[in-house]
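Worksheet for the structure shown next.
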Amino acid sequence: MSKPIAAIVGRPNVGKSTLFNVLAGADISIVKDTPGVTRDRIYADVEWSGYSFTLIDTGGIEPASQDLILREMRTQAQIAIDTADVIIFMVDVRQGVVDADYSVADILRKSAKPIVMAVNKTDDFKKQQADVYEFYNLGLGDPYPISAANRQGIGDLLDEVVAYFNERSEAEEEEDIPRIAIIGKPNVGKSSIINKLLGENRCIVSNIAGTTRDAIDTRVKWNKKEYIFVDTAGLRRKSRINEELERYMIIRTVTAVERADVCVLVIDATEGITEQDAKIAGIAHERGKGMIIAVNKWDAVEKDNHTVKEFTDDVRDVLAYMPYAEILFVSAETGQRLPKIFETIEEVIENQNKRISTGILNEILAEAVALNQPPSDKGRRLRIYYMTQVSVKPPTFVIFVNDKKLMHFSYTRYLENRIRDTFGFKGTALHFIVRERKDKDQK
């Protein structure tokens with residue numbers, strides 16, 4: 001049974017993201033005094049009074065605006081309204097009832113969904129009581145005075161919200177759904193890929209670089225299995241980060257990678273692999289995430305018999321530190337090879353969770369050492385006693401040696417390659433920990 005959904009809706013800059021962050025218990029949405037900062041809706045799981053529900057934060061609705069981004073935000077908010085079981089309509093007591101509030105109220109009435117009105121910025125109800133009651137004029141029932149910034153009145157608001165949920169228990173088993181982070185530079189087609197996979201315009205797509213300011217979670221079902229896709233803000237070179245908001249975007253991307261099992265780096269085929277792509281991929285590599293490289297807009301590239309190989313060689317050259325990454329050539333525009341993304345994700349997840357027995361590992365180790373003797377320094381040779389796998393995601397191995405200083409990086413890479421030759425581990429990083437054990441400790 002799916003969790004109930006509540007969506008926070010209202011015109012820009014009334015405090016929706018502030019309330020969302022308080023309820024989510026973390027700074028998930030960008031909070032700034034610039035109208036229109038929260039461009040895409042954000043999801044979070046919230047618990048209140050024994051109920052567990054999903055909260056959606058939306059970009060502000062500007063009903064009459066012709067601005068491209070504000071029009072797209074209005075569309076996003078409408079999707080949230082259509083998805084929600086209960087709508088939290090937020091207004092601003094300091095500004096009072098304005099024409100845009102009436103317009104938003106009309107949109108909400110047409111949805112026929114339960115509506116709970118939150119009159120935000122009510123820091124002193126006794127002094128602002130008359131201003132709060134003014135919102136009865138919207139015809140949406142009782143206004144609930146709250147101060148999201150000061151965390152006042154939120155309990156009464158949530159009591160009213162959960163009262164609309166079914167009385168049956170909303171407890172669910174903890175879901176073990178793979179999380180897939182879509183990462184890459186602005187305007188390479190990350191949102192377009194998710195929209196094509198999903199079959200609806202869930203993420204804002206426009207030709208304005210950096211449109212997706214926050215990371216948004218989207219559930220996608222394929223072959224009877226669910227995945228959570230996270231469309232992240234595109235990273236820019238530091239020299240182009242002129243606004244504080246751009247810094248928020250980088251934090252969002254890093255956070256999304258931290259929470260993901262597999263990362264899909266989207267590259268623009270018409271631009272080719274760039275240094276910035278390598279830096280973005282490095283974020284996932286350093287954190288040991290599964291890695292897939294999706295070369296998007298492949299339909300727009302003139303091709304001959306050598307094009308795929310040449311592009312692959314370029315990618316491998318720039319991303320030399322992660323030769324394990326799987327490369328796919330796709331098109332969000334035509335849908336070309338997009339289903340292959342799911343197949344590759346499954347393969348990567350399987351490899352991330354693969355375990356190799358200590359016995360088999362040490363057979364490979366013995367053979368590797370026989371073929372290529374461990375390094376030595378000043379007459380002292382590295383001795384490798386044994387290797388064992390200690391964890392997964394990423395697969396992590398501990399190598400016991402006589403002297404860690406003798407374990408050169410190149411030899412660790414050699415052992416990694418021998419393991420990969422035998423077991424594959426495509427799409428996932430491998431982590432090696434070297435520990436010392438003195439000769440006298442060995443039997």
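Chain labels A, B, ... are given in the sequence in which chains occur in the structure tokens; within each chain residues are numbered consecutively from 1, and ligands are likewise numbered from 1 in the order shown.
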Could you give me, as a VMD selection string, the residues within 12 Å of Phe409 of chain A, counting only C-alpha atoms and dropping anything in the same chain fewer than 2 positions from it? chain A and resid 374 to 375 404 to 407 411 to 416 432 to 434
Selection near Lys196 of chain A, 8 Å with only C-alpha atoms, sequence-local residues under 5 positions removed, as a ChimeraX atom specification: /A:332-333,335
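Between atom CA of Cys263 of chain A and atom CA of Asp304 of chain A the separation is 29.3 Å.
Excluding segment 266-281 of chain A and any residue on its chain fewer than 5 positions from it, the residues at most 6 Å away by only C-alpha atoms are Gly184, Val188, Ala294, Val295, Asn296, Lys297, Trp298, Val315 and Leu319 of chain A.
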Let's see if you can do this: from backbone DSSP, list all strand (DSSP E or B) residues in segment 190-414 of chain A, as number ranges by chain. A: 216-222, 225-231, 262-268, 290-296, 326-329, 376-377, 380-381, 384-391, 396-401
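Going from atom CA of Val264 of chain A to atom CA of Ile183 of chain A covers 6.0 Å.
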Residues at most 10 Å from Ile345 of chain A, counting only C-alpha atoms, excluding those fewer than 3 positions away in the same chain, as an mmCIF file with N, CA, C and O atoms, in the first residue's frame?
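Once everything was written out, this is part24.cif:
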data_model
loop_
_atom_site.group_PDB
_atom_site.id
_atom_site.type_symbol
_atom_site.label_atom_id
_atom_site.label_comp_id
_atom_site.auth_asym_id
_atom_site.auth_seq_id
_atom_site.Cartn_x
_atom_site.Cartn_y
_atom_site.Cartn_z
ATOM 1 N N PRO A 178 16.518 0.471 -5.532
ATOM 2 C CA PRO A 178 17.783 1.049 -5.995
ATOM 3 C C PRO A 178 17.625 2.534 -6.312
ATOM 4 O O PRO A 178 16.641 2.954 -6.938
ATOM 5 N N ILE A 180 19.168 5.747 -8.275
ATOM 6 C CA ILE A 180 20.005 6.032 -9.428
ATOM 7 C C ILE A 180 20.141 7.547 -9.563
ATOM 8 O O ILE A 180 19.142 8.243 -9.764
ATOM 9 N N TYR A 227 12.570 1.688 -9.405
ATOM 10 C CA TYR A 227 13.822 2.400 -9.215
ATOM 11 C C TYR A 227 13.486 3.829 -8.805
ATOM 12 O O TYR A 227 12.440 4.359 -9.167
ATOM 13 N N ASP A 261 22.946 4.476 -5.295
ATOM 14 C CA ASP A 261 23.650 3.210 -5.483
ATOM 15 C C ASP A 261 24.440 3.231 -6.781
ATOM 16 O O ASP A 261 25.575 2.765 -6.846
ATOM 17 N N VAL A 262 23.810 3.779 -7.825
ATOM 18 C CA VAL A 262 24.421 3.832 -9.144
ATOM 19 C C VAL A 262 24.292 5.256 -9.681
ATOM 20 O O VAL A 262 23.256 5.896 -9.495
ATOM 21 N N CYS A 263 25.338 5.747 -10.326
ATOM 22 C CA CYS A 263 25.304 7.063 -10.954
ATOM 23 C C CYS A 263 25.366 6.905 -12.469
ATOM 24 O O CYS A 263 26.152 6.104 -12.979
ATOM 25 N N VAL A 264 24.533 7.675 -13.145
ATOM 26 C CA VAL A 264 24.555 7.705 -14.604
ATOM 27 C C VAL A 264 25.075 9.076 -15.014
ATOM 28 O O VAL A 264 24.406 10.092 -14.828
ATOM 29 N N GLY A 290 28.423 2.753 -8.209
ATOM 30 C CA GLY A 290 28.322 2.121 -9.516
ATOM 31 C C GLY A 290 28.282 3.210 -10.577
ATOM 32 O O GLY A 290 27.747 4.290 -10.341
ATOM 33 N N MET A 291 28.835 2.939 -11.743
ATOM 34 C CA MET A 291 28.979 4.005 -12.740
ATOM 35 C C MET A 291 28.589 3.566 -14.137
ATOM 36 O O MET A 291 29.073 2.552 -14.648
ATOM 37 N N ILE A 292 27.700 4.348 -14.732
ATOM 38 C CA ILE A 292 27.294 4.155 -16.128
ATOM 39 C C ILE A 292 27.461 5.498 -16.831
ATOM 40 O O ILE A 292 27.087 6.540 -16.299
ATOM 41 N N GLU A 326 30.589 1.459 -17.417
ATOM 42 C CA GLU A 326 29.916 0.990 -18.626
ATOM 43 C C GLU A 326 29.512 2.181 -19.484
ATOM 44 O O GLU A 326 29.053 3.208 -18.965
ATOM 45 N N LYS A 340 18.219 -0.024 -22.446
ATOM 46 C CA LYS A 340 19.501 -0.639 -22.095
ATOM 47 C C LYS A 340 20.033 -0.077 -20.777
ATOM 48 O O LYS A 340 20.812 -0.734 -20.081
ATOM 49 N N ILE A 341 19.596 1.140 -20.417
ATOM 50 C CA ILE A 341 20.022 1.736 -19.151
ATOM 51 C C ILE A 341 19.581 0.858 -17.989
ATOM 52 O O ILE A 341 20.342 0.585 -17.061
ATOM 53 N N PHE A 342 18.313 0.397 -18.046
ATOM 54 C CA PHE A 342 17.806 -0.451 -16.967
ATOM 55 C C PHE A 342 18.574 -1.765 -16.889
ATOM 56 O O PHE A 342 18.927 -2.235 -15.805
ATOM 57 N N VAL A 348 25.059 -3.692 -12.974
ATOM 58 C CA VAL A 348 25.949 -2.972 -12.063
ATOM 59 C C VAL A 348 25.593 -3.270 -10.607
ATOM 60 O O VAL A 348 26.464 -3.519 -9.771
ATOM 61 N N ILE A 349 24.294 -3.258 -10.303
ATOM 62 C CA ILE A 349 23.853 -3.539 -8.930
ATOM 63 C C ILE A 349 24.273 -4.950 -8.513
ATOM 64 O O ILE A 349 24.721 -5.181 -7.389
ATOM 65 N N GLU A 350 24.126 -5.892 -9.433
ATOM 66 C CA GLU A 350 24.545 -7.272 -9.144
ATOM 67 C C GLU A 350 26.038 -7.335 -8.839
ATOM 68 O O GLU A 350 26.470 -8.000 -7.901
ATOM 69 N N ASN A 351 26.822 -6.596 -9.616
ATOM 70 C CA ASN A 351 28.268 -6.579 -9.398
ATOM 71 C C ASN A 351 28.642 -5.861 -8.107
ATOM 72 O O ASN A 351 29.591 -6.248 -7.422
ATOM 73 N N GLY A 427 31.166 -1.914 -14.037
ATOM 74 C CA GLY A 427 30.314 -0.831 -13.558
ATOM 75 C C GLY A 427 30.511 -0.432 -12.118
ATOM 76 O O GLY A 427 29.893 0.530 -11.659
#
Which residues are close to Thr54 of chain A, i.e. within 6 Å by only C-alpha atoms, leaving aside same-chain residues fewer than 3 positions away? Reply as a PDB file with N, CA, C and O atoms, in the first residue's frame.
ATOM      1  N   ILE A   5       0.102  11.189   0.100  1.00  0.00           N
ATOM      2  CA  ILE A   5       0.948  12.280  -0.371  1.00  0.00           C
ATOM      3  C   ILE A   5       0.307  13.613  -0.029  1.00  0.00           C
ATOM      4  O   ILE A   5      -0.888  13.821  -0.253  1.00  0.00           O
ATOM      5  N   ALA A  44       9.946  14.171   0.268  1.00  0.00           N
ATOM      6  CA  ALA A  44      10.532  13.725   1.538  1.00  0.00           C
ATOM      7  C   ALA A  44       9.489  12.895   2.283  1.00  0.00           C
ATOM      8  O   ALA A  44       8.279  13.119   2.149  1.00  0.00           O
ATOM      9  N   ASP A  45       9.958  11.926   3.049  1.00  0.00           N
ATOM     10  CA  ASP A  45       9.069  11.129   3.895  1.00  0.00           C
ATOM     11  C   ASP A  45       8.935  11.802   5.247  1.00  0.00           C
ATOM     12  O   ASP A  45       9.930  12.188   5.863  1.00  0.00           O
TER      13      ASP A  45
END
